[in-house]
Amino acid sequence: LILSCLKEVHRVMKDDGVLLVAEPVYRRDLGISTWVLDNDRGNFIRERGGYRSLFEMYVIQKEVTFQSGMHEFCGFIAGKGGAAGPKRA
């Protein structure tokens, strides 16, 4: 489902458009965070590389990590790329 959504976003995105995504990531050293992610609809939580692999059709301009509450998040800023699109920083 997520891949078909990302393909559709890519299809309708303007050449200079930007996709912003922030998702929680597993950190095994943050036990309570892992437990909450596993038990609160955590069926599709990925590690950072798993999220990154979802954006193969995009050019990732920036990747960030940030903490919010008990969870660590990875954030991506991505564009279409190509001749008219943004370039990776």
# chains A, B, ... in the order shown; residues from 1 in each chain; ligands from 1
call {"tool": "select_by_dssp", "arguments": {"residues": "range 2-67 of chain A", "states": "helix (DSSP H, G or I)", "output": "ChimeraX atom specification"}}
result
/A:2-12,31-39,42-44,48-54
call {"tool": "residues_around", "arguments": {"residues": "range 72-77 of chain A", "least_positions_apart": "3", "cutoff": "10 Å", "atoms": "only C-alpha atoms", "output": "VMD selection string"}}
result
chain A and resid 18 to 27 30 33 47 to 49 51 to 52 55 58 to 69 88
call {"tool": "write_last_selection", "arguments": {"atoms": "N, CA, C and O atoms", "output": "compact mmCIF listing (two decimals), in the first residue's frame"}}
result
# COMPACT_ATOMS: atom_id res chain seq x y z
N VAL A 18 8.19 18.96 -3.25
CA VAL A 18 8.95 18.39 -2.14
C VAL A 18 8.04 17.48 -1.33
O VAL A 18 6.88 17.81 -1.07
N LEU A 19 8.57 16.35 -0.93
CA LEU A 19 7.87 15.40 -0.07
C LEU A 19 8.55 15.43 1.30
O LEU A 19 9.77 15.30 1.40
N LEU A 20 7.77 15.65 2.34
CA LEU A 20 8.27 15.64 3.72
C LEU A 20 7.69 14.45 4.44
O LEU A 20 6.47 14.25 4.43
N VAL A 21 8.54 13.65 5.05
CA VAL A 21 8.10 12.46 5.76
C VAL A 21 8.86 12.36 7.08
O VAL A 21 10.07 12.57 7.11
N ALA A 22 8.15 12.05 8.15
CA ALA A 22 8.78 11.78 9.45
C ALA A 22 8.11 10.53 10.03
O ALA A 22 6.89 10.47 10.14
N GLU A 23 8.92 9.55 10.37
CA GLU A 23 8.40 8.28 10.88
C GLU A 23 9.23 7.82 12.08
O GLU A 23 10.44 8.04 12.12
N PRO A 24 8.58 7.16 13.05
CA PRO A 24 9.34 6.62 14.18
C PRO A 24 10.21 5.46 13.73
O PRO A 24 9.85 4.73 12.80
N VAL A 25 11.35 5.31 14.37
CA VAL A 25 12.25 4.20 14.06
C VAL A 25 12.53 3.42 15.34
O VAL A 25 12.47 3.94 16.44
N TYR A 26 12.81 2.14 15.14
CA TYR A 26 13.19 1.30 16.27
C TYR A 26 14.57 1.68 16.77
O TYR A 26 15.50 1.86 15.99
N ARG A 27 14.67 1.79 18.06
CA ARG A 27 15.96 1.90 18.74
C ARG A 27 15.91 0.87 19.85
O ARG A 27 15.20 1.05 20.84
N LEU A 30 16.16 1.84 23.41
CA LEU A 30 15.05 2.57 24.02
C LEU A 30 13.89 1.59 24.21
O LEU A 30 12.93 1.56 23.44
N SER A 33 10.17 2.65 24.19
CA SER A 33 9.78 3.09 22.86
C SER A 33 9.50 1.89 21.96
O SER A 33 8.49 1.85 21.25
N GLU A 47 13.18 0.11 10.48
CA GLU A 47 14.43 0.77 10.84
C GLU A 47 14.73 1.79 9.74
O GLU A 47 14.12 1.76 8.67
N ARG A 48 15.65 2.68 10.01
CA ARG A 48 15.95 3.80 9.10
C ARG A 48 16.18 3.33 7.66
O ARG A 48 15.63 3.91 6.72
N GLY A 49 16.97 2.29 7.46
CA GLY A 49 17.23 1.80 6.10
C GLY A 49 15.98 1.31 5.40
O GLY A 49 15.85 1.44 4.19
N TYR A 51 12.94 2.56 5.78
CA TYR A 51 12.23 3.74 5.27
C TYR A 51 12.95 4.31 4.05
O TYR A 51 12.32 4.66 3.06
N ARG A 52 14.27 4.40 4.14
CA ARG A 52 15.06 4.96 3.04
C ARG A 52 14.79 4.19 1.74
O ARG A 52 14.68 4.77 0.67
N PHE A 55 12.00 5.19 -0.72
CA PHE A 55 12.10 6.41 -1.52
C PHE A 55 13.03 6.27 -2.71
O PHE A 55 13.62 7.24 -3.17
N TYR A 58 12.69 8.68 -5.56
CA TYR A 58 12.90 10.08 -5.22
C TYR A 58 14.38 10.37 -5.03
O TYR A 58 15.18 9.47 -4.86
N VAL A 59 14.72 11.65 -5.04
CA VAL A 59 16.06 12.09 -4.66
C VAL A 59 15.94 12.62 -3.24
O VAL A 59 15.21 13.60 -3.00
N ILE A 60 16.60 11.96 -2.30
CA ILE A 60 16.55 12.41 -0.91
C ILE A 60 17.49 13.61 -0.79
O ILE A 60 18.69 13.49 -0.97
N GLN A 61 16.91 14.76 -0.49
CA GLN A 61 17.69 15.99 -0.35
C GLN A 61 18.30 16.10 1.03
O GLN A 61 19.39 16.63 1.20
N LYS A 62 17.57 15.63 2.03
CA LYS A 62 18.05 15.74 3.40
C LYS A 62 17.42 14.63 4.23
O LYS A 62 16.26 14.28 4.04
N GLU A 63 18.22 14.09 5.14
CA GLU A 63 17.74 13.08 6.07
C GLU A 63 18.14 13.55 7.46
O GLU A 63 19.29 13.93 7.69
N VAL A 64 17.18 13.56 8.37
CA VAL A 64 17.44 14.03 9.73
C VAL A 64 16.94 13.00 10.74
O VAL A 64 16.10 12.16 10.43
N THR A 65 17.48 13.09 11.93
CA THR A 65 17.04 12.28 13.06
C THR A 65 16.66 13.24 14.17
O THR A 65 17.38 14.22 14.41
N PHE A 66 15.53 13.00 14.81
CA PHE A 66 15.14 13.85 15.92
C PHE A 66 14.36 13.04 16.95
O PHE A 66 13.81 11.98 16.64
N GLN A 67 14.36 13.53 18.15
CA GLN A 67 13.67 12.89 19.26
C GLN A 67 12.38 13.65 19.53
O GLN A 67 12.37 14.88 19.53
N SER A 68 11.30 12.93 19.74
CA SER A 68 10.04 13.54 20.15
C SER A 68 9.41 12.61 21.17
O SER A 68 9.10 11.46 20.86
N GLY A 69 9.27 13.10 22.38
CA GLY A 69 8.77 12.24 23.44
C GLY A 69 9.74 11.10 23.67
O GLY A 69 10.95 11.29 23.74
N ARG A 88 20.47 16.29 -4.58
CA ARG A 88 20.80 15.90 -3.20
C ARG A 88 21.89 16.83 -2.64
O ARG A 88 22.87 17.09 -3.29
call {"tool": "closest_residue", "arguments": {"among": "A:Val12, A:Leu6, A:Leu54, A:Gly17", "to": "Gly81 in chain A", "atoms": "only C-alpha atoms"}}
result
A:Gly17
call {"tool": "select_by_dssp", "arguments": {"residues": "chain A", "states": "strand (DSSP E or B)", "output": "list in words"}}
result
Leu19, Leu20, Val21, Ala22, Glu23, Pro24, Val25, Arg46, Val59, Ile60, Gln61, Lys62, Glu63, Val64, Thr65, Phe66, Gln67, Ser68, His71, Glu72, Phe73, Cys74, Gly75, Phe76, Ile77, Ala78 and Gly79 of chain A
call {"tool": "atom_distance", "arguments": {"atom1": "CA of Val9 in chain A", "atom2": "CA of Glu56 in chain A"}}
result
13.1 Å
call {"tool": "closest_residue", "arguments": {"among": "A:Ala78, A:His71, A:Val36, A:Asn43", "to": "His10 in chain A", "atoms": "only C-alpha atoms"}}
result
A:Ala78
